[in-house]
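Q: File follows, start_17.txt with compact mmCIF, C-alpha atoms and all ligand atoms:
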```txt
# COMPACT_ATOMS: atom_id res chain seq x y z
CA MET H 24 50.10 105.24 34.72
CA LYS H 25 50.75 107.71 31.91
CA ILE H 26 52.08 106.12 28.74
CA ILE H 27 53.58 107.84 25.72
CA PHE H 28 53.82 105.92 22.43
CA PHE H 29 56.49 106.72 19.86
CA SER H 30 56.27 105.70 16.16
CA ALA H 31 52.52 105.16 16.56
CA LYS H 32 50.66 104.34 13.34
CA PRO H 33 46.88 104.40 12.84
CA TYR H 34 46.69 100.61 13.28
CA ASP H 35 48.57 100.87 16.63
CA GLN H 36 46.16 103.55 17.80
CA GLN H 37 43.13 101.49 16.75
CA PHE H 38 44.13 98.28 18.53
CA PHE H 39 45.66 99.90 21.65
CA THR H 40 42.68 102.25 22.11
CA GLU H 41 40.25 99.31 21.95
CA VAL H 42 42.26 97.08 24.29
CA ASN H 43 42.93 99.96 26.70
CA GLN H 44 39.19 100.17 27.44
CA GLY H 45 39.84 97.25 29.78
CA PHE H 46 42.95 98.85 31.36
CA LYS H 47 42.06 102.57 31.49
CA PHE H 48 45.63 103.87 31.20
CA GLU H 49 46.24 107.45 30.10
CA ILE H 50 47.82 107.10 26.64
CA ASN H 51 49.26 109.64 24.25
CA PHE H 52 50.21 108.54 20.72
CA LEU H 53 53.04 110.28 18.86
CA GLU H 54 53.99 109.60 15.25
CA ALA H 55 57.59 110.70 15.86
CA HIS H 56 60.35 108.13 16.33
CA LEU H 57 62.08 108.08 19.69
CA ASN H 58 65.57 109.55 19.39
CA SER H 59 67.84 111.96 21.23
CA LYS H 60 65.81 114.95 19.94
CA THR H 61 62.33 113.59 20.68
CA ALA H 62 63.12 111.94 24.05
CA VAL H 63 62.19 115.21 25.84
CA LEU H 64 58.56 114.62 24.78
CA ALA H 65 58.40 111.88 27.42
CA GLN H 66 58.47 114.51 30.20
CA GLY H 67 55.66 113.73 32.66
CA TYR H 68 55.14 110.11 31.56
CA ASP H 69 55.86 106.95 33.57
CA VAL H 70 56.11 104.59 30.62
CA VAL H 71 57.54 104.92 27.10
CA CYS H 72 56.23 102.49 24.49
CA VAL H 73 58.34 101.93 21.35
CA PHE H 74 58.61 99.75 18.22
CA VAL H 75 61.40 98.10 16.23
CA ASN H 76 63.04 101.15 14.66
CA ASP H 77 63.10 103.45 17.70
CA ALA H 78 66.80 103.69 18.56
CA VAL H 79 66.84 103.43 22.34
CA THR H 80 70.48 104.35 22.87
CA SER H 81 72.26 105.15 26.10
CA GLU H 82 71.88 108.87 25.31
CA VAL H 83 68.10 108.52 24.82
CA LEU H 84 67.76 106.45 28.00
CA GLN H 85 69.61 109.09 30.01
CA VAL H 86 67.10 111.73 28.88
CA LEU H 87 64.19 109.40 29.71
CA ALA H 88 65.62 108.57 33.16
CA SER H 89 66.23 112.24 33.97
CA GLN H 90 62.52 112.86 33.27
CA GLY H 91 61.42 110.09 35.63
CA VAL H 92 60.53 107.40 33.07
CA LYS H 93 60.60 104.03 34.86
CA LEU H 94 59.54 101.55 32.20
CA LEU H 95 60.32 100.99 28.52
CA ALA H 96 57.58 98.83 26.97
CA LEU H 97 58.55 97.33 23.62
CA ARG H 98 55.50 96.43 21.52
CA CYS H 99 57.58 93.88 19.59
CA ALA H 100 59.58 90.71 20.22
CA GLY H 101 63.12 91.80 19.20
CA PHE H 102 65.08 94.09 21.54
CA ASN H 103 68.29 94.63 19.56
CA ASN H 104 67.43 98.36 19.32
CA VAL H 105 67.74 98.89 23.09
CA ASP H 106 70.94 99.48 25.08
CA LEU H 107 69.96 97.08 27.87
CA LYS H 108 73.11 97.73 29.88
CA ALA H 109 72.40 101.46 29.99
CA ALA H 110 68.75 100.80 30.92
CA ARG H 111 69.86 98.58 33.80
CA THR H 112 72.36 101.18 35.06
CA LEU H 113 69.71 103.91 34.91
CA GLY H 114 67.07 101.77 36.66
CA ILE H 115 64.68 101.66 33.70
CA LYS H 116 62.97 98.28 33.34
CA VAL H 117 62.44 96.92 29.83
CA VAL H 118 59.54 94.64 28.86
CA ARG H 119 58.60 93.16 25.47
CA VAL H 120 56.05 90.95 23.72
CA PRO H 121 57.97 87.68 23.34
CA ALA H 122 55.19 85.93 21.43
CA TYR H 123 52.16 87.32 19.67
CA SER H 124 51.56 85.34 16.52
CA PRO H 125 54.33 83.18 15.12
CA TYR H 126 51.81 82.28 12.40
CA ALA H 127 51.74 85.89 11.13
CA VAL H 128 55.49 85.86 10.41
CA ALA H 129 55.66 82.21 9.30
CA GLU H 130 52.78 82.71 6.85
CA HIS H 131 54.41 85.87 5.47
CA THR H 132 57.60 83.86 4.98
CA LEU H 133 55.58 81.45 2.82
CA ALA H 134 54.02 84.40 0.97
CA LEU H 135 57.52 85.54 0.00
CA ILE H 136 58.62 82.02 -1.00
CA LEU H 137 55.50 81.37 -3.11
CA THR H 138 55.50 84.79 -4.77
CA LEU H 139 59.20 84.61 -5.67
CA ASN H 140 58.76 81.09 -7.02
CA ARG H 141 55.49 81.44 -8.97
CA LYS H 142 55.98 85.17 -9.72
CA THR H 143 52.38 86.05 -8.92
CA HIS H 144 53.37 89.73 -8.51
CA ARG H 145 54.54 89.83 -12.12
CA ALA H 146 51.60 87.78 -13.38
CA TYR H 147 49.16 90.17 -11.67
CA ASN H 148 50.64 93.18 -13.49
CA ARG H 149 50.80 91.35 -16.82
CA VAL H 150 47.19 90.18 -16.74
CA LYS H 151 46.01 93.69 -15.75
CA GLU H 152 47.62 94.96 -18.95
CA GLY H 153 46.15 92.20 -21.11
CA ASN H 154 49.49 90.39 -21.38
CA PHE H 155 48.80 86.68 -21.00
CA ALA H 156 52.26 85.46 -22.11
CA LEU H 157 53.87 82.97 -19.70
CA ASN H 158 57.51 83.54 -20.68
CA GLY H 159 59.59 84.37 -17.62
CA LEU H 160 57.05 82.99 -15.14
CA LEU H 161 58.58 79.51 -14.81
CA GLY H 162 58.48 78.18 -11.24
CA PHE H 163 59.29 74.91 -9.49
CA ASP H 164 57.35 72.46 -7.29
CA LEU H 165 57.94 73.22 -3.62
CA HIS H 166 57.06 69.58 -3.00
CA GLY H 167 60.29 67.62 -2.65
CA LYS H 168 62.52 70.68 -2.23
CA THR H 169 64.82 71.09 0.77
CA ALA H 170 64.33 74.09 3.06
CA GLY H 171 66.86 75.12 5.71
CA LEU H 172 65.68 77.15 8.71
CA ILE H 173 68.19 79.04 10.85
CA GLY H 174 66.60 79.56 14.27
CA LEU H 175 64.02 77.07 15.50
CA GLY H 176 62.09 79.19 17.97
CA LYS H 177 58.39 79.96 17.76
CA ILE H 178 58.50 81.35 14.19
CA GLY H 179 61.05 78.85 12.86
CA LEU H 180 58.95 75.91 14.11
CA ALA H 181 55.70 77.40 12.72
CA THR H 182 57.44 77.85 9.35
CA ALA H 183 58.73 74.26 9.48
CA ARG H 184 55.21 72.92 10.04
CA ILE H 185 53.88 74.78 6.99
CA LEU H 186 56.81 73.68 4.80
CA LYS H 187 56.30 70.06 5.85
CA GLY H 188 52.68 70.44 4.71
CA PHE H 189 54.00 71.42 1.27
CA GLY H 190 56.02 68.21 1.17
CA CYS H 191 59.42 69.83 1.71
CA ARG H 192 62.38 68.21 3.42
CA VAL H 193 63.22 70.59 6.30
CA PHE H 194 66.67 71.05 7.82
CA GLY H 195 67.02 73.16 10.93
CA TYR H 196 69.85 74.79 12.83
CA ASP H 197 69.75 76.46 16.24
CA VAL H 198 72.14 76.88 19.15
CA ALA H 199 70.21 74.03 20.82
CA GLU H 200 67.82 71.50 19.29
CA PRO H 201 64.24 72.17 20.42
CA ALA H 202 62.29 69.21 21.78
CA GLU H 203 59.56 69.47 19.10
CA ALA H 204 61.98 69.43 16.13
CA SER H 205 62.02 65.70 15.43
CA SER H 206 58.25 65.22 15.90
CA ILE H 207 57.66 67.97 13.28
CA GLY H 208 60.06 66.13 10.99
CA ILE H 209 62.88 68.68 11.10
CA GLU H 210 66.34 67.23 10.48
CA PHE H 211 68.58 69.07 12.93
CA THR H 212 71.95 69.76 11.34
CA THR H 213 75.03 71.96 11.30
CA LEU H 214 75.03 75.38 9.65
CA ASP H 215 77.47 74.21 6.97
CA GLN H 216 75.30 71.21 6.06
CA LEU H 217 72.21 73.40 5.99
CA TYR H 218 73.97 75.84 3.61
CA ALA H 219 75.21 73.01 1.38
CA GLN H 220 71.92 71.13 1.03
CA SER H 221 69.10 73.68 1.10
CA ASP H 222 67.23 74.96 -1.96
CA ILE H 223 65.54 77.56 0.26
CA ILE H 224 67.17 79.15 3.32
CA SER H 225 65.03 81.16 5.72
CA LEU H 226 66.31 83.15 8.73
CA HIS H 227 64.41 82.98 12.03
CA CYS H 228 67.06 83.73 14.66
CA PRO H 229 67.35 87.01 16.61
CA LEU H 230 69.92 89.69 15.83
CA THR H 231 72.78 89.32 18.33
CA PRO H 232 76.54 89.96 18.12
CA GLU H 233 76.88 86.28 17.06
CA THR H 234 74.30 86.49 14.26
CA HIS H 235 75.23 89.96 12.96
CA HIS H 236 76.04 89.56 9.22
CA LEU H 237 75.62 85.77 9.51
CA ILE H 238 74.92 85.82 5.79
CA ASN H 239 78.10 87.13 4.18
CA ALA H 240 80.41 86.26 1.26
CA GLY H 241 81.75 83.20 3.16
CA SER H 242 78.36 81.72 4.03
CA ILE H 243 76.91 82.46 0.57
CA ALA H 244 79.85 80.56 -1.01
CA LYS H 245 78.75 77.49 0.98
CA MET H 246 75.18 77.65 -0.39
CA LYS H 247 73.83 75.78 -3.41
CA LYS H 248 73.95 77.69 -6.69
CA GLY H 249 70.41 78.90 -7.39
CA VAL H 250 69.43 79.14 -3.70
CA MET H 251 66.41 81.12 -2.50
CA LEU H 252 67.22 83.27 0.54
CA ILE H 253 64.46 84.64 2.79
CA ASN H 254 64.82 87.04 5.74
CA THR H 255 61.79 87.95 7.84
CA SER H 256 63.85 88.26 11.03
CA ARG H 257 66.17 91.28 11.30
CA GLY H 258 67.97 93.14 8.50
CA ALA H 259 71.48 93.04 9.92
CA LEU H 260 71.55 89.23 9.82
CA ILE H 261 72.53 89.85 6.19
CA TYR H 262 75.53 91.76 4.87
CA THR H 263 73.68 93.25 1.90
CA PRO H 264 76.66 94.02 -0.39
CA ALA H 265 77.62 90.31 -0.30
CA VAL H 266 74.06 89.31 -1.21
CA ILE H 267 74.09 91.78 -4.11
CA GLN H 268 77.29 90.13 -5.39
CA GLY H 269 75.60 86.72 -4.99
CA LEU H 270 72.63 87.93 -7.05
CA LYS H 271 74.88 89.42 -9.75
CA LYS H 272 76.83 86.16 -10.05
CA GLU H 273 73.50 84.26 -10.16
CA HIS H 274 74.59 82.20 -7.16
CA ILE H 275 71.50 83.47 -5.34
CA SER H 276 68.49 83.10 -7.66
CA TYR H 277 65.78 84.49 -5.39
CA LEU H 278 65.84 86.93 -2.49
CA GLY H 279 62.84 87.68 -0.28
CA LEU H 280 63.19 90.31 2.43
CA ASP H 281 60.78 91.75 4.98
CA VAL H 282 63.64 93.46 6.84
CA TYR H 283 66.69 95.44 5.78
CA GLU H 284 69.73 96.55 7.78
CA GLU H 285 69.14 100.27 7.09
CA GLU H 286 65.34 100.07 7.19
CA GLY H 287 65.13 102.68 9.97
CA ASP H 288 65.45 105.46 7.37
CA LEU H 289 62.87 103.94 5.01
CA PHE H 290 60.29 101.56 6.36
CA PHE H 291 56.86 102.45 7.77
CA GLU H 292 56.83 105.82 5.92
CA ASP H 293 55.35 106.91 2.58
CA LEU H 294 58.42 108.10 0.64
CA SER H 295 56.79 107.81 -2.78
CA ASP H 296 57.27 111.56 -3.47
CA GLN H 297 60.94 111.54 -2.48
CA VAL H 298 64.24 110.50 -4.03
CA ILE H 299 65.44 107.49 -2.05
CA GLN H 300 69.07 108.10 -1.13
CA ASP H 301 70.02 104.55 -0.16
CA ASP H 302 71.91 103.23 -3.21
CA VAL H 303 72.29 99.72 -1.79
CA PHE H 304 68.54 99.42 -1.30
CA MET H 305 67.86 100.79 -4.79
CA ARG H 306 70.29 98.24 -6.27
CA LEU H 307 68.33 95.47 -4.53
CA LEU H 308 65.10 96.79 -6.01
CA SER H 309 66.60 96.68 -9.51
CA PHE H 310 66.73 92.84 -9.55
CA ASN H 311 63.58 91.15 -10.86
CA ASN H 312 64.23 88.14 -8.60
CA VAL H 313 64.19 90.22 -5.42
CA LEU H 314 60.96 90.80 -3.50
CA ILE H 315 60.94 93.24 -0.59
CA THR H 316 58.13 94.02 1.84
CA GLY H 317 58.49 96.79 4.41
CA HIS H 318 58.56 94.90 7.73
CA GLN H 319 54.93 93.82 7.50
CA ALA H 320 55.25 90.15 8.48
CA PHE H 321 53.73 90.85 11.93
CA LEU H 322 50.81 92.83 10.51
CA THR H 323 47.76 90.68 11.08
CA SER H 324 44.74 91.65 13.18
CA ASN H 325 45.39 88.63 15.42
CA ALA H 326 48.97 89.75 16.06
CA LEU H 327 48.06 93.42 16.70
CA GLN H 328 45.36 92.40 19.18
CA LYS H 329 47.82 90.17 21.08
CA ILE H 330 50.56 92.83 20.98
CA ALA H 331 48.20 95.40 22.53
CA GLU H 332 46.95 92.96 25.19
CA THR H 333 50.43 91.79 26.22
CA THR H 334 51.95 95.30 26.20
CA LEU H 335 49.23 96.76 28.42
CA GLN H 336 49.33 93.70 30.71
CA ASN H 337 53.13 94.14 30.97
CA ILE H 338 52.55 97.74 32.07
CA LEU H 339 49.88 96.67 34.59
CA ASP H 340 52.25 94.02 35.98
CA PHE H 341 54.89 96.73 36.38
CA LYS H 342 52.38 99.01 38.15
CA ASN H 343 51.51 96.16 40.55
CA LEU H 344 55.14 95.21 41.12
CA ASN H 345 55.92 95.02 44.79
CA PRO H 346 59.68 95.12 45.35
CA GLU H 347 59.28 93.65 48.84
CA ASN H 348 57.86 90.44 47.37
CA HIS H 349 60.73 90.28 44.88
CA LEU H 350 58.20 89.67 42.14
CA GLU H 351 59.60 89.30 38.65
CA LEU H 352 58.04 90.81 35.55
CA ALA H 353 57.05 87.94 33.24
CA ASN H 354 58.20 89.61 30.02
CA GLU H 355 61.13 91.61 31.33
CA VAL H 356 64.27 91.81 29.18
CA LYS H 357 67.45 91.86 31.25
P1 LIG N 1 62.30 82.91 19.49
O1 LIG N 1 63.04 83.54 20.61
O2 LIG N 1 61.11 82.04 19.79
O3 LIG N 1 63.30 82.03 18.60
C1 LIG N 1 64.56 82.46 18.20
C2 LIG N 1 65.42 81.19 18.05
O4 LIG N 1 66.69 81.60 17.50
C3 LIG N 1 65.69 80.48 19.38
O5 LIG N 1 65.35 79.11 19.27
C4 LIG N 1 67.17 80.70 19.60
O6 LIG N 1 67.80 79.62 20.27
C5 LIG N 1 67.67 80.81 18.16
N1 LIG N 1 69.01 81.40 18.07
C6 LIG N 1 69.59 82.31 18.89
N2 LIG N 1 70.86 82.54 18.49
C7 LIG N 1 71.06 81.76 17.40
C8 LIG N 1 72.17 81.53 16.55
N3 LIG N 1 73.34 82.16 16.77
N4 LIG N 1 72.03 80.66 15.53
C9 LIG N 1 70.86 80.01 15.33
N5 LIG N 1 69.77 80.17 16.11
C10 LIG N 1 69.88 81.03 17.14
O7 LIG N 1 61.89 84.10 18.52
P2 LIG N 1 60.76 84.11 17.39
O8 LIG N 1 59.48 84.58 17.98
O9 LIG N 1 60.78 82.83 16.65
O10 LIG N 1 61.30 85.31 16.47
C11 LIG N 1 62.49 85.17 15.72
C12 LIG N 1 62.90 86.53 15.20
O11 LIG N 1 61.93 86.98 14.25
C13 LIG N 1 62.90 87.63 16.27
O12 LIG N 1 64.15 87.67 16.95
C14 LIG N 1 62.66 88.88 15.48
O13 LIG N 1 63.91 89.45 15.14
C15 LIG N 1 61.98 88.38 14.21
N6 LIG N 1 60.61 88.90 14.04
C16 LIG N 1 60.29 89.55 12.91
C17 LIG N 1 59.00 90.03 12.72
C18 LIG N 1 58.59 90.77 11.46
O14 LIG N 1 57.54 91.42 11.45
N7 LIG N 1 59.34 90.68 10.38
C19 LIG N 1 58.06 89.85 13.72
C20 LIG N 1 58.42 89.14 14.87
C21 LIG N 1 59.70 88.66 15.02
```
Is it possible to express this structure as structure tokens?
A:
Amino acid sequence: MKIIFFSAKPYDQQFFTEVNQGFKFEINFLEAHLNSKTAVLAQGYDVVCVFVNDAVTSEVLQVLASQGVKLLALRCAGFNNVDLKAARTLGIKVVRVPAYSPYAVAEHTLALILTLNRKTHRAYNRVKEGNFALNGLLGFDLHGKTAGLIGLGKIGLATARILKGFGCRVFGYDVAEPAEASSIGIEFTTLDQLYAQSDIISLHCPLTPETHHLINAGSIAKMKKGVMLINTSRGALIYTPAVIQGLKKEHISYLGLDVYEEEGDLFFEDLSDQVIQDDVFMRLLSFNNVLITGHQAFLTSNALQKIAETTLQNILDFKNLNPENHLELANEVK
């Protein structure tokens, strides 16, 4: 099997090269994103491996199919960037890594909450400059606060367990209540109740047509004044202009983001020598109660190891697929 990687970073190359010693696939790593211009680079490959910001549109899939590509291997959990209908029509199978380390994302969620609250990022800079004043660094005890988690899958539940350890009351909302929720101590509730009662709201649901712009002017109006809003899931869960209004009116007092709706033009690249053209993003950066990381919640060595193992196993399963036995691919997205 010949595999071509798009959007490959040095850390991808390191972990995939090591894990591939046990699989012996022929791999080529490209830094370029997959798009309608770069899709031709997949000529001669059986498998295309992509990440979260590769836009796998119908147009791109048509180019891949015409070159004989049979499998699209996502080295991530989310698949909102793939036109699944087009893939199905063109006979390209799609696989993903449904679980690698929920702890990586849950722990990053806590990093955002704790940093926004105790302002350690500002304290670090102050102390470096010999400024030991505490004005402006006031925080609150997490113990006793109410956190509301939207989406109680692997990451939502891992986040709930950590928050319970801090002594928080945890409300949860999902389309269905998971069996573990009550034993963890999560109070399953409605979205409106979660908005009304939570001091901290954290998003852990996938991006779907139903959750697109879930956080908008209407939902923000239902939240407590002074709420902390955290998004480590997908950028388009939030309608950013509404959140900016919420910050300006001081209805939202803290915003922590690891994802951003238009991150495809920004994240994972060093743009420090360029003028950033996204005015909405720059407005977000201008608030001192907004903390943004560039989609790094997954970035732990444990997660990268598991991503590489599962992705290459997915490809091996595809290679061994025998249509006569009607075998299913374990991590196929349909
Ligand atoms: P998961 O599939 O285990 O859980 C998602 C949960 O969301 C499920 O319980 C599902 O029922 C629920 N859900 C679906 N639609 C919903 C809705 N309309 N309202 C409320 N809940 C709904 O997924 P996971 O592993 O917990 O990951 C959650 C999300 O985190 C992923 O979809 C992905 O977008 C994001 N993620 C981000 C990073 C990162 O690096 N920032 C890394 C991995 C995953």
Q: Can you pull out every residue with an atom within 6 Å of ligand LIG 1 (chain N)? Use only C-alpha atoms and all ligand atoms and format it as a JSON list (two decimals) with C-alpha atoms, in the frame of the given file.
A:
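That gives us selection-v4.json:
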```json
[["chain", "number", "residue", "atom", "x", "y", "z"],
["H", 100, "ALA", "CA", 59.58, 90.71, 20.22],
["H", 101, "GLY", "CA", 63.12, 91.80, 19.20],
["H", 122, "ALA", "CA", 55.19, 85.93, 21.43],
["H", 128, "VAL", "CA", 55.49, 85.86, 10.41],
["H", 173, "ILE", "CA", 68.19, 79.04, 10.85],
["H", 174, "GLY", "CA", 66.60, 79.56, 14.27],
["H", 175, "LEU", "CA", 64.02, 77.07, 15.50],
["H", 176, "GLY", "CA", 62.09, 79.19, 17.97],
["H", 177, "LYS", "CA", 58.39, 79.96, 17.76],
["H", 178, "ILE", "CA", 58.50, 81.35, 14.19],
["H", 179, "GLY", "CA", 61.05, 78.85, 12.86],
["H", 196, "TYR", "CA", 69.85, 74.79, 12.83],
["H", 197, "ASP", "CA", 69.75, 76.46, 16.24],
["H", 198, "VAL", "CA", 72.14, 76.88, 19.15],
["H", 227, "HIS", "CA", 64.41, 82.98, 12.03],
["H", 228, "CYS", "CA", 67.06, 83.73, 14.66],
["H", 229, "PRO", "CA", 67.35, 87.01, 16.61],
["H", 233, "GLU", "CA", 76.88, 86.28, 17.06],
["H", 234, "THR", "CA", 74.30, 86.49, 14.26],
["H", 255, "THR", "CA", 61.79, 87.95, 7.84],
["H", 256, "SER", "CA", 63.85, 88.26, 11.03],
["H", 257, "ARG", "CA", 66.17, 91.28, 11.30],
["H", 281, "ASP", "CA", 60.78, 91.75, 4.98],
["H", 318, "HIS", "CA", 58.56, 94.90, 7.73],
["H", 319, "GLN", "CA", 54.93, 93.82, 7.50],
["H", 320, "ALA", "CA", 55.25, 90.15, 8.48],
["H", 321, "PHE", "CA", 53.73, 90.85, 11.93]]
```
Q: Take CA of Glu210 in chain H and CA of His236 in chain H and report the distance between them in Å, one decimal.
A: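 Result for CA of Glu210 in chain H versus CA of His236 in chain H: 24.4 Å, one decimal.
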Q: Using all atoms listed in the file, find the one residue out of H:Thr263, H:Asn312, H:Thr212, H:Ser295 that sits nearest to Ile275 in chain H.
A: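 Of H:Thr263, H:Asn312, H:Thr212, H:Ser295, the one nearest Ile275 in chain H, counting all atoms listed in the file, is H:Asn312.
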Q: Within 7 Å of range 69-82 of chain H, counting all atoms listed in the file, which residues qualify if same-chain residues fewer than 2 places away don't, as a short mmCIF file (atom, residue, chain, number, x, y, z; two decimals) with C-alpha atoms, in the coordinates of the input?
A:
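The new file part37.cif reads:
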```cif
data_model
loop_
_atom_site.label_atom_id
_atom_site.label_comp_id
_atom_site.auth_asym_id
_atom_site.auth_seq_id
_atom_site.Cartn_x
_atom_site.Cartn_y
_atom_site.Cartn_z
CA MET H 24 50.10 105.24 34.72
CA LYS H 25 50.75 107.71 31.91
CA ILE H 26 52.08 106.12 28.74
CA ILE H 27 53.58 107.84 25.72
CA PHE H 28 53.82 105.92 22.43
CA PHE H 29 56.49 106.72 19.86
CA SER H 30 56.27 105.70 16.16
CA HIS H 56 60.35 108.13 16.33
CA LEU H 57 62.08 108.08 19.69
CA ASN H 58 65.57 109.55 19.39
CA SER H 59 67.84 111.96 21.23
CA GLY H 67 55.66 113.73 32.66
CA LEU H 84 67.76 106.45 28.00
CA GLN H 85 69.61 109.09 30.01
CA VAL H 86 67.10 111.73 28.88
CA GLY H 91 61.42 110.09 35.63
CA VAL H 92 60.53 107.40 33.07
CA LYS H 93 60.60 104.03 34.86
CA LEU H 94 59.54 101.55 32.20
CA LEU H 95 60.32 100.99 28.52
CA ALA H 96 57.58 98.83 26.97
CA LEU H 97 58.55 97.33 23.62
CA ARG H 98 55.50 96.43 21.52
CA CYS H 99 57.58 93.88 19.59
CA ASN H 104 67.43 98.36 19.32
CA VAL H 105 67.74 98.89 23.09
CA ASP H 106 70.94 99.48 25.08
CA ALA H 109 72.40 101.46 29.99
CA GLY H 287 65.13 102.68 9.97
#
```
Q: Please list as an MDAnalysis selection string every residue within 10 Å of Tyr126 in chain H, counting only C-alpha atoms and excluding residues in the same chain fewer than 3 positions away.
A: chainID H and resid 123 129:132 177:182 185 320:321 323 325:326
Q: Measuring between all atoms listed in the file, which one of H:Ala219, H:Leu260, H:Leu133, H:Leu64 shows the shortest distance to Ala244 in chain H?
A: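 When distances to Ala244 in chain H are compared using all atoms listed in the file, the smallest one comes from H:Ala219.
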Q: Between CA of Lys47 in chain H and CA of Asn337 in chain H, what is the distance, to one decimal in Å?
A: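 It comes out at 13.9 Å.
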Q: CA of Asp288 in chain H and CA of Gln300 in chain H, how far apart in Å?
A: 9.6 Å
Q: I'd like the contact shell of Thr40 in chain H - 9 Å cut-off, only C-alpha atoms, skipping same-chain residues fewer than 4 positions apart - returned as a VMD selection string.
A: chain H and resid 35 to 36 44 50 331
Q: Save out the residues we just selected, C-alpha atoms, as an mmCIF file, in the coordinates of the input.
A:
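Contents of out_36.cif, as written:
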```
data_model
loop_
_atom_site.group_PDB
_atom_site.id
_atom_site.type_symbol
_atom_site.label_atom_id
_atom_site.label_comp_id
_atom_site.auth_asym_id
_atom_site.auth_seq_id
_atom_site.Cartn_x
_atom_site.Cartn_y
_atom_site.Cartn_z
ATOM 1 C CA ASP H 35 48.570 100.870 16.630
ATOM 2 C CA GLN H 36 46.160 103.550 17.800
ATOM 3 C CA GLN H 44 39.190 100.170 27.440
ATOM 4 C CA ILE H 50 47.820 107.100 26.640
ATOM 5 C CA ALA H 331 48.200 95.400 22.530
#
```
Q: Nearest residue to Phe310 in chain H out of H:Ala183, H:Leu87, H:Ala259, H:Val266, using all atoms listed in the file?
A: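 Closest to Phe310 in chain H of all the choices is H:Val266.
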